[in-house]
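Shown here: coords.tsv, TSV, C-alpha atoms.
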```tsv
chain	number	residue	atom	x	y	z
Y	232	MET	CA	58.82	153.45	171.51
Y	233	SER	CA	61.91	151.85	173.01
Y	234	GLU	CA	60.53	152.43	176.51
Y	235	GLY	CA	56.99	151.23	175.74
Y	236	PRO	CA	53.76	153.27	175.59
Y	237	ALA	CA	53.97	156.86	176.83
Y	238	PRO	CA	52.12	156.29	180.14
Y	239	LEU	CA	54.51	153.44	180.97
Y	240	ALA	CA	57.55	155.53	180.06
Y	241	ARG	CA	56.16	158.39	182.15
Y	242	LEU	CA	55.62	156.14	185.17
Y	243	THR	CA	59.13	154.72	184.77
Y	244	ALA	CA	60.51	158.27	184.68
Y	245	GLU	CA	58.54	159.32	187.77
Y	246	LEU	CA	59.67	156.24	189.72
Y	247	SER	CA	63.30	156.89	188.66
Y	248	ARG	CA	63.14	160.21	190.53
Y	249	LEU	CA	62.75	158.39	193.85
Y	250	PRO	CA	65.98	158.02	195.85
Y	251	GLY	CA	67.80	154.73	195.31
Y	252	ILE	CA	65.54	153.70	192.42
Y	253	GLY	CA	67.53	153.27	189.19
Y	254	ARG	CA	66.14	153.02	185.69
Y	255	ARG	CA	65.95	149.22	185.64
Y	256	THR	CA	64.26	149.03	189.03
Y	257	ALA	CA	61.84	151.77	187.98
Y	258	GLN	CA	60.97	149.82	184.84
Y	259	ARG	CA	60.42	146.63	186.81
Y	260	LEU	CA	58.16	148.48	189.26
Y	261	ALA	CA	56.26	150.14	186.41
Y	262	PHE	CA	55.55	146.76	184.79
Y	263	HIS	CA	54.48	145.39	188.16
Y	264	ILE	CA	52.06	148.29	188.67
Y	265	LEU	CA	50.68	147.79	185.15
Y	266	ARG	CA	49.97	144.13	185.90
Y	267	ALA	CA	48.80	144.57	189.50
Y	268	ASP	CA	45.09	144.48	190.26
Y	269	ASP	CA	43.17	147.75	190.18
Y	270	GLU	CA	42.59	147.90	193.91
Y	271	GLU	CA	46.27	147.59	194.83
Y	272	VAL	CA	47.17	150.33	192.37
Y	273	ARG	CA	44.39	152.64	193.52
Y	274	ASP	CA	45.44	152.13	197.15
Y	275	LEU	CA	49.04	152.97	196.32
Y	276	ALA	CA	48.17	156.15	194.41
Y	277	GLN	CA	45.79	157.24	197.16
Y	278	ALA	CA	48.36	156.60	199.89
Y	279	ILE	CA	50.84	158.77	198.01
Y	280	VAL	CA	48.40	161.65	197.68
Y	281	GLU	CA	47.06	161.35	201.23
Y	282	VAL	CA	50.44	161.37	202.92
Y	283	LYS	CA	51.00	164.86	201.51
Y	284	GLU	CA	47.48	166.07	202.25
Y	285	LYS	CA	47.07	164.74	205.75
Y	286	VAL	CA	50.47	164.80	207.39
Y	287	GLY	CA	51.87	168.07	208.78
Y	288	LEU	CA	54.09	169.01	211.69
Y	289	CYS	CA	53.13	168.98	215.38
Y	290	GLU	CA	52.94	172.54	216.75
Y	291	VAL	CA	54.76	171.49	219.92
Y	292	CYS	CA	57.53	169.09	218.90
Y	293	PHE	CA	57.57	169.41	215.06
Y	294	ASN	CA	57.27	165.69	214.63
Y	295	LEU	CA	54.94	164.49	211.86
Y	296	SER	CA	51.30	164.77	212.82
Y	297	GLU	CA	47.84	164.37	211.38
Y	298	GLY	CA	46.42	167.08	213.64
Y	299	PRO	CA	47.83	170.25	215.27
Y	300	ARG	CA	49.50	168.08	217.92
Y	301	CYS	CA	51.10	164.69	217.34
Y	302	ARG	CA	49.94	161.55	219.09
Y	303	ILE	CA	53.01	161.47	221.31
Y	304	CYS	CA	52.50	165.04	222.59
Y	305	GLU	CA	48.79	164.28	223.16
Y	306	ASP	CA	49.48	161.03	225.02
Y	307	GLU	CA	49.05	161.81	228.72
Y	308	GLY	CA	50.85	158.57	229.61
Y	309	ARG	CA	54.15	159.98	228.32
Y	310	ASP	CA	56.66	161.59	230.68
Y	311	SER	CA	56.57	165.29	229.78
Y	312	SER	CA	59.65	166.02	231.91
Y	313	LEU	CA	61.86	164.34	229.28
Y	314	ILE	CA	62.53	165.78	225.81
Y	315	CYS	CA	64.48	163.75	223.29
Y	316	VAL	CA	65.95	165.98	220.57
Y	317	VAL	CA	66.35	164.47	217.10
Y	318	GLU	CA	67.22	165.85	213.69
Y	319	GLU	CA	64.41	164.43	211.56
Y	320	PRO	CA	60.92	162.94	212.03
Y	321	ALA	CA	62.30	159.65	210.67
Y	322	ASP	CA	64.58	159.47	213.73
Y	323	VAL	CA	61.60	159.21	216.09
Y	324	ILE	CA	60.56	155.85	214.64
Y	325	PRO	CA	63.61	153.77	215.64
Y	326	ILE	CA	63.62	155.33	219.14
Y	327	GLU	CA	59.93	154.47	219.60
Y	328	ARG	CA	60.71	150.96	218.43
Y	329	THR	CA	63.20	150.41	221.27
Y	330	HIS	CA	60.34	150.79	223.83
Y	331	GLU	CA	63.07	152.21	226.15
Y	332	TYR	CA	61.80	155.76	226.01
Y	333	ARG	CA	58.55	157.17	227.42
Y	334	GLY	CA	59.24	160.91	227.20
Y	335	LEU	CA	58.46	163.50	224.52
Y	336	TYR	CA	60.42	164.59	221.44
Y	337	HIS	CA	61.67	167.72	219.76
Y	338	VAL	CA	62.41	167.46	216.04
Y	339	LEU	CA	64.91	170.10	214.94
Y	340	GLY	CA	64.34	169.62	211.22
Y	341	GLY	CA	68.00	168.96	210.43
Y	342	ALA	CA	71.49	169.57	211.82
Y	343	LEU	CA	73.62	172.69	211.93
Y	344	SER	CA	75.74	172.87	208.79
Y	345	PRO	CA	76.77	176.45	207.99
Y	346	LEU	CA	78.61	175.35	204.84
Y	347	ASP	CA	75.31	173.98	203.48
Y	348	GLY	CA	73.49	177.11	204.60
Y	349	VAL	CA	71.80	175.48	207.61
Y	350	ASP	CA	72.12	177.90	210.50
Y	351	GLU	CA	70.58	178.03	213.95
Y	352	GLU	CA	67.50	179.93	212.77
Y	353	ASP	CA	66.78	177.27	210.13
Y	354	LEU	CA	66.23	174.67	212.86
Y	355	LYS	CA	63.64	174.52	215.64
Y	356	ILE	CA	66.26	175.40	218.25
Y	357	ALA	CA	64.62	178.58	219.61
Y	358	GLU	CA	61.38	176.59	219.97
Y	359	LEU	CA	63.24	174.00	222.06
Y	360	VAL	CA	64.72	176.70	224.28
Y	361	ASN	CA	61.20	178.09	224.78
Y	362	ARG	CA	59.84	174.67	225.73
Y	363	VAL	CA	62.60	174.29	228.32
Y	364	ARG	CA	62.05	177.84	229.66
Y	365	ALA	CA	58.31	177.18	230.01
Y	366	GLY	CA	59.24	174.75	232.77
Y	367	GLY	CA	58.34	171.20	233.71
Y	368	VAL	CA	61.32	169.73	231.84
Y	369	ASP	CA	63.92	167.83	233.85
Y	370	GLU	CA	66.14	166.48	231.10
Y	371	VAL	CA	66.92	167.08	227.44
Y	372	ILE	CA	68.35	164.00	225.70
Y	373	LEU	CA	70.37	164.89	222.61
Y	374	ALA	CA	69.80	162.19	220.01
Y	375	THR	CA	71.12	163.96	216.95
Y	376	ASN	CA	73.13	161.75	214.60
Y	377	PRO	CA	76.69	160.81	215.70
Y	378	THR	CA	78.12	162.74	212.74
Y	379	THR	CA	80.06	165.99	212.56
Y	380	THR	CA	76.95	168.08	212.01
Y	381	GLY	CA	74.90	166.09	214.52
Y	382	GLU	CA	77.60	166.52	217.19
Y	383	ALA	CA	77.91	170.25	216.46
Y	384	THR	CA	74.15	170.61	216.79
Y	385	ALA	CA	74.15	168.70	220.09
Y	386	MET	CA	76.93	170.95	221.42
Y	387	ARG	CA	75.07	174.13	220.45
Y	388	VAL	CA	71.79	172.97	221.99
Y	389	ALA	CA	73.64	171.92	225.16
Y	390	GLU	CA	75.16	175.43	225.42
Y	391	LEU	CA	71.73	177.02	225.18
Y	392	VAL	CA	69.81	174.92	227.72
Y	393	SER	CA	72.34	173.32	230.10
Y	394	ASP	CA	72.02	176.16	232.59
Y	395	GLN	CA	68.34	175.38	233.02
Y	396	VAL	CA	68.07	171.62	232.70
Y	397	ARG	CA	70.02	168.37	232.76
Y	398	VAL	CA	71.36	167.68	229.24
Y	399	THR	CA	72.40	164.20	228.14
Y	400	ARG	CA	73.72	162.70	224.93
Y	401	LEU	CA	72.99	159.20	223.61
Y	402	ALA	CA	75.72	156.81	224.77
Y	403	SER	CA	78.36	155.73	222.35
Y	404	GLY	CA	77.44	152.40	220.93
Y	405	LEU	CA	76.24	153.98	217.73
Y	406	PRO	CA	79.15	153.66	215.29
Y	407	VAL	CA	80.51	157.10	214.37
Y	408	GLY	CA	79.38	158.24	210.93
Y	409	ALA	CA	76.26	156.07	211.07
Y	410	ASP	CA	72.77	157.33	210.40
Y	411	LEU	CA	70.37	157.13	213.33
Y	412	GLU	CA	67.46	156.37	211.04
Y	413	HIS	CA	68.95	152.99	210.17
Y	414	ALA	CA	70.21	151.93	213.63
Y	415	ASP	CA	69.04	148.55	214.91
Y	416	GLU	CA	66.81	148.48	217.97
Y	417	VAL	CA	69.27	146.76	220.31
Y	418	THR	CA	72.15	149.17	219.68
Y	419	LEU	CA	69.84	152.15	219.94
Y	420	GLY	CA	68.22	150.81	223.12
Y	421	LYS	CA	71.65	150.42	224.72
Y	422	ALA	CA	72.66	153.88	223.62
Y	423	MET	CA	69.49	155.25	225.19
Y	424	ALA	CA	69.93	153.31	228.46
Y	425	GLY	CA	73.60	154.34	228.80
Y	426	ARG	CA	73.19	158.03	227.99
Y	427	GLN	CA	75.82	160.34	229.51
Y	428	ASP	CA	75.63	163.79	231.12
Y	429	LEU	CA	76.89	166.45	228.79
Y	430	GLY	CA	76.17	169.98	230.06
K	44	MET	CA	52.89	155.36	216.68
K	45	SER	CA	56.12	153.52	216.16
K	46	GLU	CA	55.68	153.82	212.37
K	47	GLY	CA	54.61	157.47	212.43
K	48	PRO	CA	51.20	158.96	211.54
K	49	ALA	CA	48.67	156.59	209.97
K	50	PRO	CA	48.92	157.98	206.40
K	51	LEU	CA	52.70	157.52	206.51
K	52	ALA	CA	52.37	153.98	207.87
K	53	ARG	CA	49.79	153.23	205.17
K	54	LEU	CA	52.05	154.53	202.39
K	55	THR	CA	54.96	152.52	203.80
K	56	ALA	CA	52.77	149.41	203.79
K	57	GLU	CA	51.61	150.01	200.20
K	58	LEU	CA	55.17	150.56	198.99
K	59	SER	CA	56.30	147.38	200.79
K	60	ARG	CA	53.95	145.40	198.53
K	61	LEU	CA	56.02	146.31	195.47
K	62	PRO	CA	58.48	143.62	194.36
K	63	GLY	CA	62.00	144.05	195.73
K	64	ILE	CA	60.98	146.85	198.11
K	65	GLY	CA	61.58	145.88	201.75
K	66	ARG	CA	60.23	147.63	204.83
K	67	ARG	CA	63.25	149.93	205.29
K	68	THR	CA	63.31	150.96	201.64
K	69	ALA	CA	59.55	151.54	201.74
K	70	GLN	CA	59.95	153.77	204.79
K	71	ARG	CA	62.74	155.74	203.16
K	72	LEU	CA	60.62	156.23	200.02
K	73	ALA	CA	57.58	157.23	202.11
K	74	PHE	CA	59.59	159.92	203.90
K	75	HIS	CA	60.95	161.11	200.58
K	76	ILE	CA	57.43	161.40	199.17
K	77	LEU	CA	56.28	163.27	202.27
K	78	ARG	CA	59.09	165.80	201.84
K	79	ALA	CA	58.96	166.04	198.04
K	80	ASP	CA	57.26	169.02	196.45
K	81	ASP	CA	53.55	168.76	195.66
K	82	GLU	CA	54.02	168.67	191.91
K	83	GLU	CA	56.43	165.72	191.96
K	84	VAL	CA	54.08	163.75	194.20
K	85	ARG	CA	51.01	164.57	192.11
K	86	ASP	CA	52.85	163.53	188.94
K	87	LEU	CA	53.85	160.22	190.51
K	88	ALA	CA	50.33	159.39	191.73
K	89	GLN	CA	48.86	160.38	188.37
K	90	ALA	CA	51.39	158.31	186.44
K	91	ILE	CA	50.47	155.28	188.56
K	92	VAL	CA	46.75	155.68	187.91
K	93	GLU	CA	47.15	156.52	184.23
K	94	VAL	CA	49.32	153.54	183.40
K	95	LYS	CA	46.43	151.28	184.44
K	96	GLU	CA	43.76	153.40	182.74
K	97	LYS	CA	45.47	154.05	179.45
K	98	VAL	CA	47.62	151.05	178.64
K	99	GLY	CA	46.04	147.93	177.18
K	100	LEU	CA	47.16	145.27	174.72
K	101	CYS	CA	47.56	145.69	170.95
K	102	GLU	CA	44.89	143.69	169.11
K	103	VAL	CA	47.47	142.47	166.60
K	104	CYS	CA	50.64	141.65	168.53
K	105	PHE	CA	49.48	141.85	172.18
K	106	ASN	CA	52.25	144.24	173.07
K	107	LEU	CA	51.33	147.10	175.40
K	108	SER	CA	49.40	149.81	173.61
K	109	GLU	CA	47.55	153.05	174.28
K	110	GLY	CA	45.11	152.44	171.42
K	111	PRO	CA	43.68	149.32	169.71
K	112	ARG	CA	46.98	148.89	167.83
K	113	CYS	CA	50.45	149.57	169.23
K	114	ARG	CA	52.80	152.11	167.72
K	115	ILE	CA	55.03	149.39	166.26
K	116	CYS	CA	52.16	147.67	164.42
K	117	GLU	CA	50.96	151.06	163.18
K	118	ASP	CA	54.41	152.14	161.99
K	119	GLU	CA	54.43	151.67	158.19
K	120	GLY	CA	58.21	151.92	158.20
K	121	ARG	CA	58.52	148.57	159.98
K	122	ASP	CA	59.10	145.35	158.02
K	123	SER	CA	55.82	143.42	158.34
K	124	SER	CA	57.37	140.27	156.87
K	125	LEU	CA	59.29	139.69	160.12
K	126	ILE	CA	57.63	138.71	163.41
K	127	CYS	CA	59.72	138.51	166.56
K	128	VAL	CA	58.02	136.33	169.19
K	129	VAL	CA	58.64	137.23	172.85
K	130	GLU	CA	57.17	136.11	176.15
K	131	GLU	CA	56.33	139.43	177.79
K	132	PRO	CA	55.78	143.08	176.78
K	133	ALA	CA	58.87	143.95	178.85
K	134	ASP	CA	60.97	141.86	176.42
K	135	VAL	CA	60.16	144.19	173.53
K	136	ILE	CA	61.99	147.08	175.17
K	137	PRO	CA	65.55	145.67	175.17
K	138	ILE	CA	65.12	144.41	171.59
K	139	GLU	CA	63.99	147.85	170.42
K	140	ARG	CA	66.98	149.33	172.21
K	141	THR	CA	69.42	147.30	170.09
K	142	HIS	CA	68.24	149.15	166.95
K	143	GLU	CA	69.05	145.87	165.12
K	144	TYR	CA	65.44	144.91	164.47
K	145	ARG	CA	62.91	146.64	162.21
K	146	GLY	CA	60.18	143.98	162.04
K	147	LEU	CA	57.02	143.46	164.09
K	148	TYR	CA	56.45	141.56	167.34
K	149	HIS	CA	54.15	138.95	168.80
K	150	VAL	CA	53.87	138.88	172.59
K	151	LEU	CA	52.77	135.45	173.85
K	152	GLY	CA	51.98	136.61	177.39
K	153	GLY	CA	54.26	134.04	179.03
K	154	ALA	CA	55.94	130.71	178.37
K	155	LEU	CA	54.56	127.16	178.31
K	156	SER	CA	54.81	125.67	181.79
K	157	PRO	CA	52.22	122.89	182.29
K	158	LEU	CA	53.34	122.36	185.91
K	159	ASP	CA	52.41	125.98	186.66
K	160	GLY	CA	49.15	125.61	184.76
K	161	VAL	CA	50.31	127.57	181.71
K	162	ASP	CA	49.19	125.65	178.63
K	163	GLU	CA	49.09	126.46	174.95
K	164	GLU	CA	45.62	128.03	175.16
K	165	ASP	CA	46.79	130.42	177.91
K	166	LEU	CA	49.26	132.02	175.51
K	167	LYS	CA	48.67	133.95	172.27
K	168	ILE	CA	49.97	131.02	170.21
K	169	ALA	CA	46.84	130.44	168.09
K	170	GLU	CA	46.83	134.16	167.33
K	171	LEU	CA	50.41	133.89	166.07
K	172	VAL	CA	49.53	130.91	163.87
K	173	ASN	CA	46.64	132.97	162.42
K	174	ARG	CA	48.95	135.91	161.69
K	175	VAL	CA	51.33	133.60	159.84
K	176	ARG	CA	48.47	131.93	157.92
K	177	ALA	CA	47.11	135.30	156.88
K	178	GLY	CA	50.22	135.62	154.74
K	179	GLY	CA	52.89	138.25	154.12
K	180	VAL	CA	55.20	136.84	156.78
K	181	ASP	CA	58.61	135.55	155.67
K	182	GLU	CA	60.23	134.80	159.00
K	183	VAL	CA	59.29	134.19	162.61
K	184	ILE	CA	62.13	134.95	165.04
K	185	LEU	CA	61.73	133.12	168.34
K	186	ALA	CA	63.01	135.40	171.10
K	187	THR	CA	61.54	133.63	174.12
K	188	ASN	CA	63.86	133.47	177.13
K	189	PRO	CA	66.78	130.99	176.98
K	190	THR	CA	65.26	129.04	179.89
K	191	THR	CA	63.59	125.62	180.05
K	192	THR	CA	60.11	127.05	179.60
K	193	GLY	CA	61.24	129.58	177.00
K	194	GLU	CA	62.95	126.85	174.96
K	195	ALA	CA	59.90	124.58	175.22
K	196	THR	CA	57.71	127.42	174.02
K	197	ALA	CA	60.05	128.15	171.10
K	198	MET	CA	60.00	124.45	170.10
K	199	ARG	CA	56.21	124.29	170.20
K	200	VAL	CA	55.77	127.48	168.16
K	201	ALA	CA	58.36	126.22	165.65
K	202	GLU	CA	56.37	122.97	165.25
K	203	LEU	CA	53.21	124.92	164.50
K	204	VAL	CA	54.51	127.40	161.92
K	205	SER	CA	57.72	125.99	160.41
K	206	ASP	CA	55.82	124.39	157.52
K	207	GLN	CA	54.60	127.79	156.40
K	208	VAL	CA	57.45	130.17	157.16
K	209	ARG	CA	61.13	130.39	157.99
K	210	VAL	CA	61.58	130.04	161.77
K	211	THR	CA	64.71	131.27	163.53
K	212	ARG	CA	65.86	131.36	167.13
K	213	LEU	CA	68.00	134.08	168.74
K	214	ALA	CA	71.67	133.07	168.56
K	215	SER	CA	73.38	131.78	171.62
K	216	GLY	CA	75.22	134.61	173.26
K	217	LEU	CA	72.55	135.01	175.86
K	218	PRO	CA	73.79	133.09	178.89
K	219	VAL	CA	71.50	130.12	179.61
K	220	GLY	CA	69.17	130.75	182.54
K	221	ALA	CA	69.27	134.52	182.00
K	222	ASP	CA	66.24	136.71	181.72
K	223	LEU	CA	65.82	138.51	178.40
K	224	GLU	CA	64.35	141.54	180.07
K	225	HIS	CA	67.69	142.33	181.71
K	226	ALA	CA	70.03	141.50	178.82
K	227	ASP	CA	72.47	144.20	177.79
K	228	GLU	CA	72.09	145.79	174.38
K	229	VAL	CA	75.35	144.48	172.88
K	230	THR	CA	74.77	140.82	173.79
K	231	LEU	CA	71.20	141.01	172.62
K	232	GLY	CA	72.17	142.78	169.40
K	233	LYS	CA	74.71	140.01	168.64
K	234	ALA	CA	72.14	137.34	169.42
K	235	MET	CA	69.72	139.01	167.04
K	236	ALA	CA	72.31	139.40	164.24
K	237	GLY	CA	73.49	135.76	164.53
K	238	ARG	CA	70.07	134.14	164.73
K	239	GLN	CA	69.94	130.50	163.50
K	240	ASP	CA	67.41	128.55	161.44
K	241	LEU	CA	65.38	126.23	163.60
K	242	GLY	CA	62.43	124.66	161.72
```
With the file now loaded, output its structure as structure tokens.
Amino acid sequence: MSEGPAPLARLTAELSRLPGIGRRTAQRLAFHILRADDEEVRDLAQAIVEVKEKVGLCEVCFNLSEGPRCRICEDEGRDSSLICVVEEPADVIPIERTHEYRGLYHVLGGALSPLDGVDEEDLKIAELVNRVRAGGVDEVILATNPTTTGEATAMRVAELVSDQVRVTRLASGLPVGADLEHADEVTLGKAMAGRQDLG
Amino acid sequence: MSEGPAPLARLTAELSRLPGIGRRTAQRLAFHILRADDEEVRDLAQAIVEVKEKVGLCEVCFNLSEGPRCRICEDEGRDSSLICVVEEPADVIPIERTHEYRGLYHVLGGALSPLDGVDEEDLKIAELVNRVRAGGVDEVILATNPTTTGEATAMRVAELVSDQVRVTRLASGLPVGADLEHADEVTLGKAMAGRQDLG
């Protein structure tokens, strides 16, 4: 009983499984949900279920998508001669927020890290090479994280496509060891504007 | 598109409504949920819905309960001659965790705060007086928060029942201005053990 009625304890336990949510925070959230009005709670539960049901990966760029192709790939106003390569779907959001970039994306699904068992075939690298080979691409911008694994991934991708296309890397300006997902818009915009030739 | 597909943006927005969850945290949680396995996500959504559906208030003590009476009121091993009065259901949890207390509870549903429109009739004070009048109670332990409103509430309750029953207040030991919900077990256990006569 020390954690309250079973459904409350269960909700606290489920919330504790979320990253960065400790037991006390989970308990506070659980009490909030218990006291919140029915509509807010129903909306939250539905949003949780729907995000899993409705969001998949784009068949072209492997970004998150509600349909077979994501809204960026389907947007004819975007510059299809530019492909910005990122590790995760979450990395697309801060780049979009800079409003500095009007090209397409390619989401690798991670970074090369052989020690963690992430090899070339675990990422969408072959699919990127195929997109470049299909033609119409002038530049591949490598926007993997400025970390050891992100740099290694950028180097490997550059090796594979630099004979066919211009390859650039986001300018320094991102502090080394930082996570692209949390970069502020100004820094990231500058890094995009000052990108350097790599291959 | 800058926040990703609509269901992801919607989930981020819903999570942002939770207390203490900012936009960045909400986005991080939304991505986690999107990547989590189906079972974890289903369990979380179900726990959210069920806590609202299944948890009500105990008809005796107004603590949270799955049935008409809470598990503490139904537990014949508890000492029914002791009633510990707290502001909120969340306050029962840390007291139970001390393992110092084997009596029953009475949850007022808040503290007196006329400026915020919380008057005596908004709290379960009359219900407490009735429980005391019904007999069998030897002591009422006032465990409202050590704040201005919590103290005022304790004083008012003491006025109403001290002619019929021993009334005690949690010992000092809780720092003034603190919130009982977040007290550590040792401090709270000491405060319980050293409770003082009030009425």
* Return the neighbours of chain K among the residues of chain Y, cut-off 6 Å, counting only C-alpha atoms, as a ChimeraX atom specification. => /Y:233-234,236,238-239,242,245,265,275-276,278,282-283,296,324,327-328
I need the residues from that last selection saved to file as a PDB file, in the frame of the given file (with C-alpha atoms), if you can.
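So out-v7.pdb came out as:
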```pdb
ATOM      1  CA  SER Y 233      61.910 151.850 173.010  1.00  0.00           C
ATOM      2  CA  GLU Y 234      60.530 152.430 176.510  1.00  0.00           C
ATOM      3  CA  PRO Y 236      53.760 153.270 175.590  1.00  0.00           C
ATOM      4  CA  PRO Y 238      52.120 156.290 180.140  1.00  0.00           C
ATOM      5  CA  LEU Y 239      54.510 153.440 180.970  1.00  0.00           C
ATOM      6  CA  LEU Y 242      55.620 156.140 185.170  1.00  0.00           C
ATOM      7  CA  GLU Y 245      58.540 159.320 187.770  1.00  0.00           C
ATOM      8  CA  LEU Y 265      50.680 147.790 185.150  1.00  0.00           C
ATOM      9  CA  LEU Y 275      49.040 152.970 196.320  1.00  0.00           C
ATOM     10  CA  ALA Y 276      48.170 156.150 194.410  1.00  0.00           C
ATOM     11  CA  ALA Y 278      48.360 156.600 199.890  1.00  0.00           C
ATOM     12  CA  VAL Y 282      50.440 161.370 202.920  1.00  0.00           C
ATOM     13  CA  LYS Y 283      51.000 164.860 201.510  1.00  0.00           C
ATOM     14  CA  SER Y 296      51.300 164.770 212.820  1.00  0.00           C
ATOM     15  CA  ILE Y 324      60.560 155.850 214.640  1.00  0.00           C
ATOM     16  CA  GLU Y 327      59.930 154.470 219.600  1.00  0.00           C
ATOM     17  CA  ARG Y 328      60.710 150.960 218.430  1.00  0.00           C
TER      18      ARG Y 328
END
```
* To do: Could you tell me how far CA of Gly146 in chain K lies from CA of Ser123 in chain K, in Å and to one decimal?
  =>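 Between CA of Gly146 in chain K and CA of Ser123 in chain K the gap works out to 5.7 Å.
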* Determine, counting all atoms listed in the file, every residue of protein, DNA or RNA that lies within 6 Å of (62.4, 136.7, 166.4) in the file coordinates, then give the result as an MDAnalysis selection string. => chainID K and resid 126:128 183:186
* Asked: What's the 6 Å shell around Glu102 in chain K, counting all atoms listed in the file, without same-chain residues fewer than 2 positions away, as a ChimeraX atom specification?
  -> /K:105,111-112
* Which polymer residues have any atom within 10 Å of an atom of range 347-361 of chain Y, counting only C-alpha atoms, with same-chain residues fewer than 5 positions away left out, as a PyMOL selection string? -> chain Y and resi 290-293+314+316+318+336-342+366+371+384+387-388+391-392+395
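Minimum atom-to-atom distance to Asn376 in chain Y, evaluated using all atoms listed in the file, belongs to Y:Glu319 out of Y:Asp394, Y:Glu319, Y:Arg426, Y:Arg333.
One distance worth recording is that between CA of Ser344 in chain Y and CA of Thr378 in chain Y, which is 11.1 Å.
The coordinates place CA of Pro157 in chain K at 14.5 Å from CA of Met198 in chain K.
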Kindly add N, CA, C and O atoms to the incomplete range 148-159 of chain K and provide the output as a compact mmCIF listing (two decimals), keeping the file's coordinate frame.
```txt
# COMPACT_ATOMS: atom_id res chain seq x y z
N TYR K 148 56.34 142.46 166.19
CA TYR K 148 56.45 141.56 167.34
C TYR K 148 55.20 140.70 167.48
O TYR K 148 54.15 140.99 166.89
N HIS K 149 55.32 139.68 168.32
CA HIS K 149 54.15 138.95 168.80
C HIS K 149 54.44 138.58 170.25
O HIS K 149 55.40 137.85 170.53
N VAL K 150 53.64 139.10 171.16
CA VAL K 150 53.87 138.88 172.59
C VAL K 150 52.95 137.75 173.06
O VAL K 150 51.72 137.87 173.05
N LEU K 151 53.55 136.64 173.49
CA LEU K 151 52.77 135.45 173.85
C LEU K 151 52.04 135.62 175.18
O LEU K 151 51.03 134.97 175.42
N GLY K 152 52.59 136.46 176.06
CA GLY K 152 51.98 136.61 177.39
C GLY K 152 52.51 135.59 178.38
O GLY K 152 51.89 135.35 179.42
N GLY K 153 53.67 135.00 178.10
CA GLY K 153 54.26 134.04 179.03
C GLY K 153 54.95 132.93 178.27
O GLY K 153 55.19 133.04 177.05
N ALA K 154 55.30 131.87 178.98
CA ALA K 154 55.94 130.71 178.37
C ALA K 154 55.19 129.46 178.82
O ALA K 154 54.59 129.44 179.89
N LEU K 155 55.23 128.43 177.98
CA LEU K 155 54.56 127.16 178.31
C LEU K 155 55.17 126.59 179.58
O LEU K 155 56.39 126.46 179.69
N SER K 156 54.32 126.25 180.54
CA SER K 156 54.81 125.67 181.79
C SER K 156 53.66 124.88 182.40
O SER K 156 52.99 125.37 183.33
N PRO K 157 53.40 123.67 181.87
CA PRO K 157 52.22 122.89 182.29
C PRO K 157 52.18 122.69 183.81
O PRO K 157 51.09 122.70 184.40
N LEU K 158 53.33 122.56 184.45
CA LEU K 158 53.34 122.36 185.91
C LEU K 158 52.78 123.58 186.65
O LEU K 158 52.23 123.46 187.74
N ASP K 159 52.96 124.76 186.05
CA ASP K 159 52.41 125.98 186.66
C ASP K 159 51.03 126.30 186.09
O ASP K 159 50.50 127.39 186.33
```
